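J.: Have a peek at query33.txt (compact mmCIF, C-alpha atoms).
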# COMPACT_ATOMS: atom_id res chain seq x y z
CA MET H 167 8.15 -11.53 -4.29
CA ARG H 168 8.63 -11.21 -0.56
CA TYR H 169 5.33 -11.38 1.30
CA VAL H 170 4.64 -9.14 4.30
CA SER H 171 3.44 -10.44 7.65
CA VAL H 172 1.57 -8.76 10.48
CA GLY H 173 4.26 -6.35 11.81
CA ARG H 174 4.64 -4.01 8.83
CA ARG H 175 0.94 -4.27 8.04
CA PHE H 176 0.13 -3.18 11.59
CA ALA H 177 2.42 -0.15 11.28
CA ALA H 178 0.72 0.77 7.99
CA VAL H 179 -2.74 0.40 9.56
CA LEU H 180 -1.72 2.70 12.44
CA ILE H 181 -0.55 5.39 10.02
CA ASP H 182 -3.70 4.99 7.93
CA GLY H 183 -5.78 5.17 11.12
CA VAL H 184 -4.31 8.57 11.92
CA MET H 185 -5.06 9.73 8.36
CA LEU H 186 -8.64 8.43 8.59
CA GLY H 187 -9.12 10.11 11.97
CA ILE H 188 -8.09 13.43 10.47
CA MET H 189 -10.41 12.96 7.49
CA SER H 190 -13.35 11.83 9.67
CA GLY H 191 -12.88 14.61 12.22
CA PRO H 192 -15.17 17.15 10.54
CA PHE H 193 -18.10 14.71 10.89
CA ALA H 194 -17.59 14.14 14.64
CA ASP H 195 -19.49 15.56 17.58
CA ILE H 196 -16.90 17.03 19.92
CA GLU H 197 -17.67 17.93 23.52
CA ARG H 198 -15.12 19.72 25.67
CA GLY H 199 -15.19 20.52 29.31
CA PRO H 200 -12.88 21.01 32.24
CA GLY H 201 -10.76 17.87 32.28
CA TYR H 202 -12.38 15.93 29.45
CA LEU H 203 -12.74 15.68 25.69
CA ARG H 204 -15.34 13.44 24.07
CA ILE H 205 -15.37 12.68 20.36
CA SER H 206 -18.25 10.67 18.92
CA TRP H 207 -20.18 10.09 15.75
CA ASN H 208 -23.92 10.02 16.46
CA GLY H 209 -26.99 9.62 14.31
CA GLY H 210 -26.40 9.77 10.56
CA ARG H 211 -22.82 10.83 11.14
CA VAL H 212 -21.89 7.35 12.42
CA LEU H 213 -21.60 6.04 8.84
CA TRP H 214 -19.10 8.64 7.64
CA PRO H 215 -15.91 7.16 9.15
CA GLY H 216 -16.66 3.77 7.55
CA VAL H 217 -17.50 5.27 4.17
CA ILE H 218 -14.39 7.47 4.26
CA GLY H 219 -12.26 4.44 5.20
CA ILE H 220 -13.54 2.23 2.37
CA VAL H 221 -13.14 5.05 -0.18
CA TYR H 222 -9.64 5.90 1.13
CA TYR H 223 -8.38 2.32 0.84
CA LEU H 224 -10.19 1.62 -2.43
CA ILE H 225 -8.95 4.68 -4.31
CA LEU H 226 -5.36 4.67 -3.06
CA GLU H 227 -4.85 0.92 -3.51
CA GLY H 228 -6.75 0.89 -6.81
CA VAL H 229 -4.68 3.74 -8.27
CA ALA H 230 -1.27 3.33 -6.62
CA GLY H 231 -1.26 -0.14 -5.03
CA ALA H 232 -0.68 1.41 -1.61
CA THR H 233 -2.20 3.70 0.99
CA ILE H 234 -0.16 6.38 2.73
CA GLY H 235 0.66 3.89 5.50
CA LYS H 236 1.83 1.32 2.97
CA PHE H 237 3.97 3.90 1.16
CA VAL H 238 5.65 4.88 4.44
CA THR H 239 6.31 1.25 5.45
CA GLY H 240 7.50 0.21 1.98
CA ILE H 241 4.78 -2.31 1.16
CA ARG H 242 2.46 -2.66 -1.82
CA VAL H 243 -0.67 -4.61 -2.77
CA VAL H 244 -0.60 -6.51 -6.06
CA LYS H 245 -2.44 -9.41 -7.64
CA GLN H 246 -0.99 -12.85 -6.93
CA ASP H 247 0.86 -12.87 -10.26
CA GLY H 248 2.60 -9.58 -9.39
CA SER H 249 0.49 -7.44 -11.72
CA LYS H 250 -1.18 -4.17 -10.77
CA LEU H 251 -4.25 -4.33 -8.59
CA ASP H 252 -7.48 -3.85 -10.55
CA TRP H 253 -10.61 -2.10 -9.30
CA SER H 254 -12.66 -5.24 -8.66
CA SER H 255 -9.84 -6.82 -6.59
CA ALA H 256 -9.38 -3.57 -4.66
CA LEU H 257 -13.12 -3.41 -3.94
CA ILE H 258 -13.38 -7.04 -2.76
CA ARG H 259 -10.23 -6.72 -0.66
CA ASN H 260 -11.38 -3.57 1.07
CA LEU H 261 -15.00 -4.55 1.67
CA ALA H 262 -13.60 -7.64 3.40
CA ARG H 263 -12.01 -5.34 6.00
CA ILE H 264 -15.39 -5.50 7.75
CA VAL H 265 -14.64 -9.19 8.49
CA ASP H 266 -10.85 -8.91 8.86
CA ALA H 267 -11.14 -6.05 11.38
CA PHE H 268 -13.30 -8.15 13.75
CA PRO H 269 -13.50 -8.11 16.78
CA TYR H 270 -13.62 -4.35 16.76
CA PHE H 271 -12.48 -3.97 20.38
CA LEU H 272 -9.22 -5.73 19.32
CA PRO H 273 -9.02 -4.59 15.68
CA TYR H 274 -7.82 -6.92 12.92
CA LEU H 275 -7.53 -10.01 15.11
CA VAL H 276 -9.29 -12.11 12.45
CA GLY H 277 -7.03 -10.62 9.76
CA ALA H 278 -3.88 -11.29 11.84
CA ILE H 279 -4.90 -14.90 12.49
CA ALA H 280 -5.57 -15.35 8.76
CA VAL H 281 -2.11 -13.95 7.90
CA TRP H 282 -0.43 -16.20 10.49
CA SER H 283 -2.31 -19.25 9.14
CA SER H 284 -1.08 -18.50 5.62
CA PRO H 285 2.68 -18.99 6.09
CA THR H 286 3.61 -18.94 2.39
CA THR H 287 1.70 -15.97 0.97
CA ARG H 288 0.64 -14.32 4.26
CA GLN H 289 -2.84 -13.36 3.07
CA ARG H 290 -5.69 -12.07 5.21
CA LEU H 291 -9.21 -13.12 4.22
CA GLY H 292 -9.69 -10.09 1.98
CA ASP H 293 -6.49 -10.97 0.11
CA ARG H 294 -7.60 -14.57 -0.36
CA TRP H 295 -11.02 -13.56 -1.68
CA ALA H 296 -9.56 -10.92 -4.03
CA ASN H 297 -6.51 -13.02 -5.10
CA THR H 298 -4.11 -10.32 -3.91
CA VAL H 299 -0.91 -10.27 -1.84
CA VAL H 300 0.96 -7.66 0.18
CA VAL H 301 4.66 -7.56 -0.68
CA THR H 302 7.68 -5.39 -0.06
CA LYS H 303 8.34 -2.68 -2.62
CA GLU H 304 11.93 -3.89 -2.99
CA SER H 305 10.85 -7.41 -3.94
CA LEU H 306 8.69 -6.03 -6.73
CA LEU H 307 11.62 -4.07 -8.12
CA SER H 308 13.94 -7.06 -8.01
CA ALA H 309 11.34 -9.49 -9.36
CA GLY H 310 10.74 -7.33 -12.43
CA SER H 311 6.99 -7.60 -11.98
CA LEU H 312 4.50 -6.39 -14.52
CA THR H 313 3.75 -3.29 -12.46
CA TYR H 314 6.99 -2.10 -10.94
CA PRO H 315 9.16 -0.48 -12.24
CA PRO H 316 6.98 1.26 -14.82
CA PRO H 317 7.75 0.49 -18.46
CA SER H 318 10.29 2.66 -20.22
CA VAL H 319 9.15 5.96 -21.66
CA ALA H 320 9.44 6.92 -25.33
CA GLY H 321 11.49 3.89 -26.30
CA GLU H 322 14.31 4.59 -23.84
CA PRO H 323 15.96 1.43 -22.52
CA ALA H 324 14.66 0.17 -19.18
CA ALA H 325 16.81 0.86 -16.13
CA SER H 326 17.92 -2.79 -16.00
CA THR H 327 19.18 -2.75 -19.62
CA PRO H 328 22.86 -1.83 -19.72
CA ALA H 329 23.78 1.10 -21.91
CA PRO H 330 25.98 0.33 -24.93
CA PRO H 331 29.68 0.93 -24.30
CA MET H 332 31.05 4.37 -25.13
CA PRO H 333 33.65 4.56 -27.89
CA PRO H 334 37.14 5.50 -26.73
CA PRO H 335 37.98 9.21 -26.93
CA PRO H 336 40.11 10.34 -29.90
CA PRO H 337 43.86 10.55 -29.24
CA MET H 338 45.14 13.84 -27.89
CA PRO H 339 47.48 15.82 -30.19
CA PRO H 340 51.08 16.12 -28.96
CA PRO H 341 51.84 19.30 -27.01
CA SER H 342 53.11 22.11 -29.16
CA GLY H 343 56.61 23.36 -28.46
CA SER H 344 57.08 26.88 -27.14
Give the structure from this file in structure tokens form.
T.:
Amino acid sequence: MRYVSVGRRFAAVLIDGVMLGIMSGPFADIERGPGYLRISWNGGRVLWPGVIGIVYYLILEGVAGATIGKFVTGIRVVKQDGSKLDWSSALIRNLARIVDAFPYFLPYLVGAIAVWSSPTTRQRLGDRWANTVVVTKESLLSAGSLTYPPPSVAGEPAASTPAPPMPPPPPMPPPSGS
């Protein structure tokens, strides 16, 4: 498996941030005036972006092993042995975002430092605590992991199994004379 460092993860987080902004928008207080636009979450609404974020990451990674940002950047989250992420690992990994995203004025600095200090597996704290890794989709396909590609359907041979050779065609009859 080929582990992913900060660059592709950052691109995925940016894409996911846009998605989360769109999903959190209906809960925002928006003030408009000549020359300004202010968007804020006040009172009880302040919790919604965080709840939406945790649910977004938990469900998408728990079901598919990737968020929309990870799909676009070609990365996936799996357990350290290459198997599919389970719900408890997804929950631990995503609750740890609260720590990994610190300091919030420079998001994911703690997570980036953790990835840089883990040169072999490139794990942030949430990955270490949940025993997960972020890898390229291509490395999962070539490694033949337990998750990707999915097992064959209805007894058909897997894509990596070569098909049996075709028998030669029967000989053609000689052309008839006119």
J.: For Thr298 (chain H), which of H:Tyr169, H:Ala267, H:Trp214, H:Pro334 is the closest residue, counting all atoms listed in the file?
T.: H:Tyr169
J.: Separation of CA of Lys245 (chain H) and CA of Val217 (chain H), in Å?
T.: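 Computing the Euclidean distance for CA of Lys245 (chain H) and CA of Val217 (chain H) yields 24.1 Å.
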J.: Nearest to Arg242 (chain H): which of H:Val172, H:Val301, H:Leu203, H:Leu180 is it, counting only C-alpha atoms?
T.: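 Checking each candidate against Arg242 (chain H), we get H:Val301 as the closest.
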J.: What lies within 9 Å of Trp207 (chain H) using all atoms listed in the file, ignoring chain neighbours under 2 positions off, as a list of chain:residue names?
T.: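 Near Trp207 (chain H), the qualifying residues are H:Phe193, H:Ala194, H:Asp195, H:Ile196, H:Ile205, H:Gly209, H:Gly210, H:Arg211, H:Val212, H:Leu213, H:Trp214, H:Pro215.
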J.: For Ile218 (chain H), please output as a list of chain:residue names all residues within 12 Å (counting all atoms listed in the file; exclusion window: fewer than 6 positions along the same chain).
T.: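 Answer for this query is H:Asp182, H:Gly183, H:Met185, H:Leu186, H:Gly187, H:Ile188, H:Met189, H:Ser190, H:Gly191, H:Pro192, H:Phe193, H:Arg211, H:Val212, H:Leu224, H:Ile225, H:Leu226, H:Asn260.
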J.: Residues near Gly231 (chain H), anyone? I mean within 12 Å using all atoms listed in the file, not counting same-chain ones fewer than 6 positions away, as an mmCIF file with C-alpha atoms, in the frame of the given file.
T.:
data_model
loop_
_atom_site.group_PDB
_atom_site.id
_atom_site.type_symbol
_atom_site.label_atom_id
_atom_site.label_comp_id
_atom_site.auth_asym_id
_atom_site.auth_seq_id
_atom_site.Cartn_x
_atom_site.Cartn_y
_atom_site.Cartn_z
ATOM 1 C CA TYR H 223 -8.380 2.320 0.840
ATOM 2 C CA LEU H 224 -10.190 1.620 -2.430
ATOM 3 C CA ILE H 225 -8.950 4.680 -4.310
ATOM 4 C CA PHE H 237 3.970 3.900 1.160
ATOM 5 C CA GLY H 240 7.500 0.210 1.980
ATOM 6 C CA ILE H 241 4.780 -2.310 1.160
ATOM 7 C CA ARG H 242 2.460 -2.660 -1.820
ATOM 8 C CA VAL H 243 -0.670 -4.610 -2.770
ATOM 9 C CA VAL H 244 -0.600 -6.510 -6.060
ATOM 10 C CA LYS H 245 -2.440 -9.410 -7.640
ATOM 11 C CA GLY H 248 2.600 -9.580 -9.390
ATOM 12 C CA SER H 249 0.490 -7.440 -11.720
ATOM 13 C CA LYS H 250 -1.180 -4.170 -10.770
ATOM 14 C CA LEU H 251 -4.250 -4.330 -8.590
ATOM 15 C CA ASP H 252 -7.480 -3.850 -10.550
ATOM 16 C CA TRP H 253 -10.610 -2.100 -9.300
ATOM 17 C CA SER H 255 -9.840 -6.820 -6.590
ATOM 18 C CA ALA H 256 -9.380 -3.570 -4.660
ATOM 19 C CA ARG H 259 -10.230 -6.720 -0.660
ATOM 20 C CA THR H 298 -4.110 -10.320 -3.910
ATOM 21 C CA VAL H 299 -0.910 -10.270 -1.840
ATOM 22 C CA VAL H 300 0.960 -7.660 0.180
ATOM 23 C CA VAL H 301 4.660 -7.560 -0.680
ATOM 24 C CA THR H 302 7.680 -5.390 -0.060
ATOM 25 C CA LYS H 303 8.340 -2.680 -2.620
ATOM 26 C CA LEU H 306 8.690 -6.030 -6.730
ATOM 27 C CA THR H 313 3.750 -3.290 -12.460
ATOM 28 C CA TYR H 314 6.990 -2.100 -10.940
#
J.: Just how far from CA of Val281 (chain H) is CA of Ser171 (chain H), in Å to one decimal?
T.: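 Computing it gives 6.6 Å between the two atoms.
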J.: In file coordinates, which residues lie within 8 Å of (-7.9, -12.4, 8.3) using only C-alpha atoms, given as a list in words?
T.: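 Within 8 Å of (-7.9, -12.4, 8.3), the protein and nucleic acid residues are Val265, Asp266, Ala267, Tyr274, Leu275, Val276, Gly277, Ala278, Ile279, Ala280, Val281, Gln289, Arg290, Leu291 and Gly292 of chain H.
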J.: Closest to Thr286 (chain H) among H:Val170, H:Ala230, H:Ile220, H:Ile264, using all atoms listed in the file?
T.: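 The closest residue to Thr286 (chain H) is H:Val170.
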J.: Start from the incomplete input, build N, CA and C atoms for region 207-226 of chain H, and deliver everything as a CSV table (one decimal), in the frame of the given file.
T.:
chain,number,residue,atom,x,y,z
H,207,TRP,N,-19.4,10.0,17.0
H,207,TRP,CA,-20.2,10.1,15.8
H,207,TRP,C,-21.6,9.5,16.1
H,208,ASN,N,-22.6,10.4,16.1
H,208,ASN,CA,-23.9,10.0,16.5
H,208,ASN,C,-24.9,10.2,15.3
H,209,GLY,N,-26.0,9.5,15.3
H,209,GLY,CA,-27.0,9.6,14.3
H,209,GLY,C,-26.5,9.2,12.9
H,210,GLY,N,-26.8,10.0,11.9
H,210,GLY,CA,-26.4,9.8,10.6
H,210,GLY,C,-24.9,9.9,10.3
H,211,ARG,N,-24.3,10.6,11.3
H,211,ARG,CA,-22.8,10.8,11.1
H,211,ARG,C,-22.0,9.6,11.4
H,212,VAL,N,-22.6,8.5,12.0
H,212,VAL,CA,-21.9,7.4,12.4
H,212,VAL,C,-21.4,6.6,11.2
H,213,LEU,N,-22.0,6.7,10.1
H,213,LEU,CA,-21.6,6.0,8.8
H,213,LEU,C,-20.4,6.7,8.2
H,214,TRP,N,-20.2,7.9,8.4
H,214,TRP,CA,-19.1,8.6,7.6
H,214,TRP,C,-17.7,8.1,7.8
H,215,PRO,N,-17.3,7.7,9.0
H,215,PRO,CA,-15.9,7.2,9.2
H,215,PRO,C,-15.7,5.9,8.3
H,216,GLY,N,-16.7,5.0,8.3
H,216,GLY,CA,-16.7,3.8,7.6
H,216,GLY,C,-16.6,4.0,6.1
H,217,VAL,N,-17.5,4.9,5.6
H,217,VAL,CA,-17.5,5.3,4.2
H,217,VAL,C,-16.2,5.9,3.8
H,218,ILE,N,-15.7,6.8,4.6
H,218,ILE,CA,-14.4,7.5,4.3
H,218,ILE,C,-13.3,6.4,4.2
H,219,GLY,N,-13.3,5.5,5.2
H,219,GLY,CA,-12.3,4.4,5.2
H,219,GLY,C,-12.3,3.6,4.0
H,220,ILE,N,-13.4,3.1,3.6
H,220,ILE,CA,-13.5,2.2,2.4
H,220,ILE,C,-13.1,3.0,1.1
H,221,VAL,N,-13.5,4.2,1.0
H,221,VAL,CA,-13.1,5.0,-0.2
H,221,VAL,C,-11.6,5.3,-0.2
H,222,TYR,N,-11.1,5.6,1.0
H,222,TYR,CA,-9.6,5.9,1.1
H,222,TYR,C,-8.8,4.7,0.7
H,223,TYR,N,-9.1,3.5,1.2
H,223,TYR,CA,-8.4,2.3,0.8
H,223,TYR,C,-8.6,1.9,-0.6
H,224,LEU,N,-9.9,2.0,-1.1
H,224,LEU,CA,-10.2,1.6,-2.4
H,224,LEU,C,-9.5,2.5,-3.5
H,225,ILE,N,-9.6,3.8,-3.3
H,225,ILE,CA,-9.0,4.7,-4.3
H,225,ILE,C,-7.4,4.6,-4.3
H,226,LEU,N,-6.8,4.7,-3.1
H,226,LEU,CA,-5.4,4.7,-3.1
H,226,LEU,C,-4.8,3.3,-3.5
